[in-house]
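The structure under discussion appears below in the form of structure tokens.
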Amino acid sequence: MSVLCPSLELKSVISSHSATRLLKSLVLLRRNLSGRDKNESNIVNRVDEVSAVERVEVDSYNWRRDLRVKDKKFVDQVLCNARGGHGGAGLPKLGGEGGDGGDVYLEADEKITLKQLNPSGRREHVLKLRAENGCRSRRQILKGERGLDLVFKVPVGTCVCRVNGKQLMDLNSIGDMVQVARGGQGANKSNSFTPERGSFGSFKLLLKLIADVGLVGFPNAGKSTLLSRISEAKPAITPYPFTTLHPNVGYVKFNDLRRISVADTPGLVEGAHENVGLGHRFLRHIERTKVLAYVTDVNGFILDQTSPSRSGVETLFLLIKELQLYDATLLFKPSVLLLNKVEDAETERKADEIIEAWNEKRIPGPISEECQMENAEWPSFAAVFKISAKEKKGLHDVVNVFRQQLDILEESNSERFLNSEEKLQRLAVELVGLDS
């Protein structure tokens, strides 16, 4: 009996098929060969001799595996199209009015994540929200019923923006709600019994993490190691830059059962405010943190062989400048300076040099021109620590200062609220006096 296709011919057949039919072709070929007698077992063996390269090529088109990989991606933005319900038709002869279309709302919910809204993790995925149309007028019911509103749940901390980036509203608290599409008016006398179409809008839902403390710094400064030492979070930790590809949040637990959340964002590089590196996309996640921790490697940082080598002093000033260029208000947040990787006498000396340069605001020569700032724009560090996240040195004092700064911030916010209440009470008393 003649061989159906030698191994070389089989490879050419596989390469000629489309990607989605490769695996099916092999299965069908196996079935055709498996029904033959034992003398033809060598044919089946020849099929098994397809090179590993061909098998990898077939497996690479396994869409189920690709989907599982994409599911692991961090989702912090989703595109959304919203349309209100159309108005219902009327009965002009009988004076019947159509019902109004329903509206579309977004409501903040703590149990929802953007990952649930976009399971595939694909950037091109678009949510399509549509409210119910208004009911038309009928002889039995001249007044058509209004269409049902659509209330769509989104995570707390979602920023609703236009596609062009214009911010519309922040949903920072549970129950916060915003209308993104309005229903059309039903047919009636005012619109000459012509029902209106519901409004349509395209939006971008951006998630900004709400955490108590945000860790910022250059790549490989030790932020992920620090987070893993003070919390139960398990971020990826490697000795090369850009290990952190998406924000990680961990919780620091105290003996009195209090918890504070700490967010680790991807490292920034020079020019991050101009979309350089990985950190620029995640700068928005530190906007809503209450306290900032500037993590600096005392040994400095170098991105690659083509980039200049920066000392620990230079990385600190460059980091502050990047934050100032992105959003100057970040520098006015309560902050702490953490000088990391202080593990011997040499690194201790480098840490002292950084502290001395910072106290004198002495900017190193190579970056003196690009880091010139007004005195009022420098952050005011509540404390400066020399730590080693790897060896767990000095971390107990760090988390205590985090808690202390959060308590101070909460007390000041309470005082502001009480002051505003007192002003309202005094105003009410004055108004009563005027009336009398």
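We label chains A, B, ... in the order they appear in the structure tokens, count residues from 1 in each chain, and number ligands from 1 in the order shown.
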
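By chain and then residue number, the residues within 6 Å of segment 144-153 of chain A are Gly98, Gly99, Asp100, Gly101, Gly102, Asp103, Val104, Tyr105, Leu106, Glu107, Ala108, Asp109, Ala131, Glu132, Asn133, Gly134, Cys135, Arg136 and Ser137 of chain A, counting only C-alpha atoms and disregarding those fewer than 6 positions away in sequence.
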
Using only C-alpha atoms, which of A:His396, A:Lys341, A:Arg139, A:Lys93 sits nearest Phe193 of chain A? A:Lys93

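Taking atom CA of Leu129 of chain A and atom CA of Thr158 of chain A as the two end points, the separation is 16.6 Å.
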
Which of segment 76-107 of chain A counts as strand (DSSP E) under DSSP, as a VMD selection string please? chain A and resid 77 to 83 104 to 107

Could you list, as a PDB file with C-alpha atoms, in the first residue's frame, every residue within 9 Å of Ile387 of chain A, counting only C-alpha atoms and ignoring same-chain residues fewer than 3 positions away?
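File written: around_3.pdb
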```pdb
ATOM      1  CA  LEU A 338      12.857  55.877  52.265  1.00  0.00           C
ATOM      2  CA  LEU A 339      16.529  55.375  51.422  1.00  0.00           C
ATOM      3  CA  ASN A 340      16.652  51.699  50.514  1.00  0.00           C
ATOM      4  CA  LYS A 341      19.447  49.087  50.285  1.00  0.00           C
ATOM      5  CA  VAL A 342      21.457  50.477  53.204  1.00  0.00           C
ATOM      6  CA  GLU A 343      23.257  47.281  54.163  1.00  0.00           C
ATOM      7  CA  LYS A 390      15.647  42.868  51.655  1.00  0.00           C
ATOM      8  CA  GLU A 391      16.968  42.446  55.218  1.00  0.00           C
ATOM      9  CA  LYS A 392      13.814  43.901  56.867  1.00  0.00           C
ATOM     10  CA  LYS A 393      15.850  46.664  58.440  1.00  0.00           C
ATOM     11  CA  GLY A 394      13.935  49.649  59.831  1.00  0.00           C
ATOM     12  CA  LEU A 395      10.542  48.602  58.415  1.00  0.00           C
ATOM     13  CA  VAL A 398       8.272  52.952  58.581  1.00  0.00           C
TER      14      VAL A 398
END
```

Find the distance between atom CA of Gly184 of chain A and atom CA of Lys128 of chain A and write it in Å to one decimal. 17.7 Å

Given the choices A:Ser335, A:Asn172, A:Asn164, A:Gln140, which gets closest to Gln405 of chain A if the distance is worked out from only C-alpha atoms?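 Selected residue with least distance to Gln405 of chain A: A:Ser335.
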
Nearest to Cys80 of chain A, restricted to only C-alpha atoms and choosing among A:Leu206, A:Val178, A:Leu171, A:Ile112, comes out as A:Leu206

Option closest in space to Phe385 of chain A, from A:Thr315, A:Asn400, A:Asn81, A:Ser412 [counting only C-alpha atoms]: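 Checking each of A:Thr315, A:Asn400, A:Asn81, A:Ser412 against Phe385 of chain A, counting only C-alpha atoms, the winner is A:Asn400.
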
Considering only C-alpha atoms, can you say which of A:Leu142, A:Ile286, A:Cys159, A:Ala389 comes closest to Lys223 of chain A?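 The shortest atom-to-atom distance to Lys223 of chain A comes from A:Ala389.
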
Can you write out as a Markdown table which residues of segment 185-234 of chain A fall within 7 Å of segment 246-264 of chain A, alongside each residue's closest atom pair and its distance in Å to one decimal, counting only C-alpha atoms and ordering rows by chain and ascending residue number?
```
| residue | atom | partner | partner_atom | distance |
| --- | --- | --- | --- | --- |
| A:Ala211 | CA | A:Ser261 | CA | 5.3 |
| A:Asp212 | CA | A:Ser261 | CA | 5.1 |
| A:Val213 | CA | A:Val262 | CA | 4.7 |
| A:Gly214 | CA | A:Ala263 | CA | 4.8 |
| A:Leu215 | CA | A:Asp264 | CA | 5.1 |
| A:Lys223 | CA | A:Asp264 | CA | 6.4 |
| A:Ser224 | CA | A:Asp264 | CA | 6.5 |
| A:Leu227 | CA | A:Gly250 | CA | 6.7 |
| A:Ile230 | CA | A:Val252 | CA | 6.1 |
| A:Ser231 | CA | A:Val252 | CA | 4.9 |
| A:Glu232 | CA | A:Gly250 | CA | 6.2 |
| A:Ala233 | CA | A:Gly250 | CA | 4.9 |
```

Deliver the residues from the most recent selection as a file, using N, CA and C atoms, as a PDB file, in the first residue's frame.
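And here's part28.pdb as it stands now:
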```pdb
ATOM      1  N   ALA A 211      -5.708  54.094  47.612  1.00  0.00           N
ATOM      2  CA  ALA A 211      -4.898  53.444  48.638  1.00  0.00           C
ATOM      3  C   ALA A 211      -4.448  54.483  49.654  1.00  0.00           C
ATOM      4  N   ASP A 212      -4.108  54.002  50.842  1.00  0.00           N
ATOM      5  CA  ASP A 212      -3.653  54.918  51.889  1.00  0.00           C
ATOM      6  C   ASP A 212      -2.255  55.445  51.590  1.00  0.00           C
ATOM      7  N   VAL A 213      -1.371  54.552  51.158  1.00  0.00           N
ATOM      8  CA  VAL A 213       0.030  54.919  50.915  1.00  0.00           C
ATOM      9  C   VAL A 213       0.421  54.470  49.510  1.00  0.00           C
ATOM     10  N   GLY A 214       1.121  55.333  48.771  1.00  0.00           N
ATOM     11  CA  GLY A 214       1.610  54.994  47.453  1.00  0.00           C
ATOM     12  C   GLY A 214       3.132  54.994  47.424  1.00  0.00           C
ATOM     13  N   LEU A 215       3.721  53.932  46.889  1.00  0.00           N
ATOM     14  CA  LEU A 215       5.180  53.828  46.760  1.00  0.00           C
ATOM     15  C   LEU A 215       5.588  54.301  45.375  1.00  0.00           C
ATOM     16  N   LYS A 223      10.759  48.727  45.587  1.00  0.00           N
ATOM     17  CA  LYS A 223       9.377  48.979  46.028  1.00  0.00           C
ATOM     18  C   LYS A 223       8.611  47.675  46.217  1.00  0.00           C
ATOM     19  N   SER A 224       8.760  46.745  45.271  1.00  0.00           N
ATOM     20  CA  SER A 224       8.043  45.476  45.382  1.00  0.00           C
ATOM     21  C   SER A 224       8.538  44.653  46.567  1.00  0.00           C
ATOM     22  N   LEU A 227       7.006  46.168  49.653  1.00  0.00           N
ATOM     23  CA  LEU A 227       5.595  45.804  49.802  1.00  0.00           C
ATOM     24  C   LEU A 227       5.440  44.373  50.301  1.00  0.00           C
ATOM     25  N   ILE A 230       6.232  44.215  54.215  1.00  0.00           N
ATOM     26  CA  ILE A 230       5.352  44.859  55.194  1.00  0.00           C
ATOM     27  C   ILE A 230       3.894  44.411  55.052  1.00  0.00           C
ATOM     28  N   SER A 231       3.589  43.626  54.020  1.00  0.00           N
ATOM     29  CA  SER A 231       2.221  43.167  53.813  1.00  0.00           C
ATOM     30  C   SER A 231       2.246  41.726  53.335  1.00  0.00           C
ATOM     31  N   GLU A 232       1.059  41.198  53.059  1.00  0.00           N
ATOM     32  CA  GLU A 232       0.947  39.828  52.573  1.00  0.00           C
ATOM     33  C   GLU A 232       0.937  39.751  51.048  1.00  0.00           C
ATOM     34  N   ALA A 233       1.148  40.882  50.387  1.00  0.00           N
ATOM     35  CA  ALA A 233       1.176  40.898  48.923  1.00  0.00           C
ATOM     36  C   ALA A 233       2.387  40.116  48.416  1.00  0.00           C
TER      37      ALA A 233
END
```

Find the distance between atom CA of Gly300 of chain A and atom CA of Ala221 of chain A and write it in Å to one decimal.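 That distance, rounded to one decimal, is 8.5 Å.
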